[in-house]
Structures are given as C-alpha cells and as structure tokens.
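To start, the structure under review is shown below, and the notes come after it.
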Amino acid sequence: MTVALRNAGAALHRGRVAPASGRRFAMWEAGTRRWADRGVKPLRHFVLPPTRAFTLIELLTVIAIVGILAAILIPTVMSSRVSADRARTKIQFNQWATAIESFRSEYGYYPVFDSSNLVNGGANTTDHPFHDVLAGRKRDGAPLTAGSAAATQNRKAISFYSFPESEFTDASSPAPNLLRDATGNTEIAVLVDSNRDGVINSSDFGASLPLVSGISPAASDFPDTGVRSGVVFYTLAPGASATDPQFIFSWK
Ligand SMILES: [Ca+2]
C-alpha cells in the first residue's frame, strides 16, 4: 500500500518556467518496504524568479556613494585619532610632572636631568638621566650607578614613576629606547623651576628655550618673562612645521 511521496531527484532548471517534466517522484510501498519510482510529476505551476544583474549605472552610483562616504569619514577618523593622541600626550606629561613634584617634595629641590633640557638628553645604552632619576633605577632594573648624577640626586633610589614600555621607542627602531609621547615624538622639552622662585624663565633653563624638532616656542606661546609654574613640558604638535608652529604644552 502506498503511504508516502518523496522527491526522488530534482532536475536543475533555468528560465522563467520549469519544464513540465521537471521532477521525478517515488512512492513508498509498505509491502516491499522500499521506494518505487513513479516517474515524472509535471511542474506546470513551478515558476523560477528571473535572474537580473546590476546595470552599469547602478554600479557607478554605488561606487560614487561609497567614495563620498569615505571622503567624509576618513578625515573625521584621522582627526579624532590625532586629538586622542594629543590628549594622551598631555596626560603623560602631567604624570611625569607629578613625579617631578613628588621628587621635589621628597628632597626639597627639583632634579637636574640634562643641560639640553630634553627628556632624552644625555641618554645612552646604559644611562637615561630623566628615566633614572624618576624611576630610581636603570632601564634594565639595575641599581643606579654609585656616584652617578641620578644616584646623587635620588639618593634614596625612590621610584617616583614607573615608565611603561609604551612610553619608549621600540628596540628595533632607528632610535631605540628613547622616551616618546603618544604622538611618537622623542624630542620633548622639560623645564623646571630650578631656583624655586615660582617662575620658569631663562634663569632656570638658560639663554633660550630648547628646540623640539628644530623649533622652539615663540613669545606668544612662552613669554620672555617666563611662566608661573614648577614644571613645564612641551613638544611639537602633529602636523606642525616651522611655518605653522604648534606645540603640546603641559604646565604644573
Ligand atoms: Ca625660576
């Protein structure tokens, strides 16, 4: 006795209307307990959707829209990234300044890093004055060299700041193991109120402000009379040039 129907094999059809002899069916026979071929079942009402490709106009329109969106979004994304890097740089400078102020609170005077007034001034493969004074140890974790400027100033070898690896250039870079800011700058000025008169001016840093990437702040950015602060960091802002000097400052 016949109890069921099943599709015994689907033929592949193309076109708007499948041919009438499109599909074969089998019927289950209980007596023999097997599927028996019952031939072809007409598929007169089986309609396939028409195939359709994009026209050239449609493709060009899509490409134009994608191009317009990219032109709008890419500068926005780039600008956001630069703004974020600037903000992170200011935070980083602020943390360094806090460490310097902690040093002053401990010892009663501001540390002297290097006559260049740059955070990487005097750095070599074994010593890094700015790092060593504030970290209370060398880059490799070794104790400060007895009698060195860092050991003499930070005589208690106090760790005022733990420099993360992200604040150094890669060991494989052309200038490895230098302190860097969040924008990638390694030329960073550090000024302290050495004579502790409440103002940072030429009495503290010398005849002229240190250059960063060949440029120093103008009087409009850093008055000749100085600024009332204990610690100042500055570096060149992303995209700045000699004709368009812009700096990232941090005062504390
Ligand atoms: Ca001063």
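If you're wondering about the labels, chains in the structure tokens are A, B, ... by order shown, residues count from 1 in each chain, ligands from 1 in order shown.
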Please write out the residues within 7 Å of ligand 1 as an mmCIF file with N, CA and C atoms, in the first residue's frame, counting only C-alpha atoms and all ligand atoms.
```
data_model
loop_
_atom_site.group_PDB
_atom_site.id
_atom_site.type_symbol
_atom_site.label_atom_id
_atom_site.label_comp_id
_atom_site.auth_asym_id
_atom_site.auth_seq_id
_atom_site.Cartn_x
_atom_site.Cartn_y
_atom_site.Cartn_z
ATOM 1 N N ASP A 193 61.503 74.737 37.646
ATOM 2 C CA ASP A 193 61.829 75.977 38.357
ATOM 3 C C ASP A 193 63.031 75.705 39.272
ATOM 4 N N SER A 194 64.203 75.644 38.644
ATOM 5 C CA SER A 194 65.408 75.220 39.362
ATOM 6 C C SER A 194 65.698 76.088 40.575
ATOM 7 N N ASN A 195 65.533 77.410 40.426
ATOM 8 C CA ASN A 195 65.849 78.305 41.544
ATOM 9 C C ASN A 195 64.655 78.538 42.469
ATOM 10 N N ARG A 196 63.593 77.877 42.196
ATOM 11 C CA ARG A 196 62.403 77.850 43.063
ATOM 12 C C ARG A 196 61.909 79.254 43.440
ATOM 13 N N ASP A 197 61.834 80.108 42.437
ATOM 14 C CA ASP A 197 61.273 81.439 42.688
ATOM 15 C C ASP A 197 59.832 81.533 42.187
ATOM 16 N N GLY A 198 59.259 80.392 41.797
ATOM 17 C CA GLY A 198 57.860 80.379 41.373
ATOM 18 C C GLY A 198 57.652 80.664 39.900
ATOM 19 N N VAL A 199 58.732 80.969 39.171
ATOM 20 C CA VAL A 199 58.617 81.282 37.742
ATOM 21 C C VAL A 199 59.674 80.496 36.972
ATOM 22 N N ILE A 200 59.280 79.936 35.862
ATOM 23 C CA ILE A 200 60.253 79.280 34.978
ATOM 24 C C ILE A 200 60.618 80.272 33.882
ATOM 25 N N ASN A 201 61.879 80.673 33.875
ATOM 26 C CA ASN A 201 62.352 81.597 32.840
ATOM 27 C C ASN A 201 63.805 81.270 32.533
ATOM 28 N N SER A 203 66.408 82.150 33.733
ATOM 29 C CA SER A 203 67.264 81.900 34.892
ATOM 30 C C SER A 203 67.310 80.400 35.217
ATOM 31 N N ASP A 204 66.291 79.706 34.757
ATOM 32 C CA ASP A 204 66.226 78.266 35.022
ATOM 33 C C ASP A 204 66.761 77.415 33.868
#
```
Discussion item. With DSSP run on the backbone, what are the strand (DSSP E or B) residues within region 209-248 of chain A? I'd like them as a list in words.
Written reply: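 Listing strand (DSSP E or B) positions across region 209-248 of chain A yields Val212, Ile215, Val227, Val231, Val232, Phe233, Tyr234, Thr235, Leu236, Phe247 and Ile248 of chain A.
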Keeping N, CA and C atoms for every residue in the selection just given, could you write it to a file as a PDB file, in the first residue's frame?
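And here is the file that came out, out.pdb:
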```pdb
ATOM      1  N   VAL A 212      62.559  71.723  19.920  1.00  0.00           N
ATOM      2  CA  VAL A 212      61.998  70.382  19.734  1.00  0.00           C
ATOM      3  C   VAL A 212      61.715  70.226  18.249  1.00  0.00           C
ATOM      4  N   ILE A 215      62.380  73.422  16.373  1.00  0.00           N
ATOM      5  CA  ILE A 215      61.545  74.607  16.575  1.00  0.00           C
ATOM      6  C   ILE A 215      61.397  74.863  18.070  1.00  0.00           C
ATOM      7  N   VAL A 227      56.911  81.719  32.844  1.00  0.00           N
ATOM      8  CA  VAL A 227      55.561  81.287  33.235  1.00  0.00           C
ATOM      9  C   VAL A 227      55.601  80.850  34.692  1.00  0.00           C
ATOM     10  N   VAL A 231      56.865  72.969  36.767  1.00  0.00           N
ATOM     11  CA  VAL A 231      57.360  72.054  35.733  1.00  0.00           C
ATOM     12  C   VAL A 231      56.598  72.339  34.438  1.00  0.00           C
ATOM     13  N   VAL A 232      57.310  72.359  33.350  1.00  0.00           N
ATOM     14  CA  VAL A 232      56.685  72.535  32.034  1.00  0.00           C
ATOM     15  C   VAL A 232      57.253  71.502  31.068  1.00  0.00           C
ATOM     16  N   PHE A 233      56.370  70.873  30.350  1.00  0.00           N
ATOM     17  CA  PHE A 233      56.775  70.019  29.229  1.00  0.00           C
ATOM     18  C   PHE A 233      56.190  70.613  27.961  1.00  0.00           C
ATOM     19  N   TYR A 234      56.904  70.461  26.879  1.00  0.00           N
ATOM     20  CA  TYR A 234      56.307  70.784  25.583  1.00  0.00           C
ATOM     21  C   TYR A 234      56.980  69.982  24.484  1.00  0.00           C
ATOM     22  N   THR A 235      56.203  69.764  23.445  1.00  0.00           N
ATOM     23  CA  THR A 235      56.702  69.072  22.259  1.00  0.00           C
ATOM     24  C   THR A 235      55.926  69.579  21.054  1.00  0.00           C
ATOM     25  N   LEU A 236      56.404  69.255  19.877  1.00  0.00           N
ATOM     26  CA  LEU A 236      55.740  69.746  18.670  1.00  0.00           C
ATOM     27  C   LEU A 236      54.444  68.960  18.438  1.00  0.00           C
ATOM     28  N   PHE A 247      52.388  73.594  19.429  1.00  0.00           N
ATOM     29  CA  PHE A 247      53.023  72.764  20.458  1.00  0.00           C
ATOM     30  C   PHE A 247      51.960  72.143  21.356  1.00  0.00           C
ATOM     31  N   ILE A 248      52.350  71.059  21.966  1.00  0.00           N
ATOM     32  CA  ILE A 248      51.551  70.473  23.043  1.00  0.00           C
ATOM     33  C   ILE A 248      52.250  70.868  24.339  1.00  0.00           C
TER      34      ILE A 248
END
```
Practice prompt. Work out how far apart CA of Ile91 (chain A) and CA of Asp181 (chain A) are and give it in Å to one decimal.
Written response: 9.8 Å
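Residues in contact range of region 77-82 of chain A, defined as at most 8 Å between only C-alpha atoms, with sequence neighbours fewer than 4 positions away removed, read Leu73, Arg86, Thr183 and Pro238 of chain A.
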Could you dump the residues just selected with C-alpha atoms as a PDB file, in the first residue's frame?
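The resulting file, part29.pdb, is reproduced below:
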```pdb
ATOM      1  CA  LEU A  73      34.550  59.749   7.245  1.00  0.00           C
ATOM      2  CA  ARG A  86      47.267  64.864  21.883  1.00  0.00           C
ATOM      3  CA  THR A 183      52.118  61.076  19.099  1.00  0.00           C
ATOM      4  CA  PRO A 238      51.228  66.609  14.996  1.00  0.00           C
TER       5      PRO A 238
END
```
Discussion item. Measuring between only C-alpha atoms, which one of A:Ser229, A:Ser172, A:Asn177, A:Thr243 shows the shortest distance to Thr125 (chain A)?
Written reply: A:Asn177
Response to the item:
Shortest contact to Pro111 (chain A), candidates A:Ala171, A:Ala87, A:Ile188, A:Ala151, atoms counted only C-alpha atoms, goes to A:Ala151
Discussion item. Give me, as a ChimeraX atom specification, all polymer residues having an atom no more than 10 Å from region 100-103 of chain A, counting only C-alpha atoms and skipping those fewer than 5 positions away in the same chain.
Written reply: /A:94-95,108-111,130,133-134,153-154,158-161,192,230-231,252
Discussion item. Which residues are near Arg139 (chain A)? Cut-off 10 Å, only C-alpha atoms, ignore same chain within fewer than 4 positions. Put them as a list in words.
Written reply: Thr125, Thr126, Asp127, His128, His131, Asp132, Ala135, Pro143, Leu144, Phe163 and Asn177 of chain A
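Coordinates place CA of Leu178 (chain A) at a distance of 7.8 Å from CA of Ala123 (chain A).
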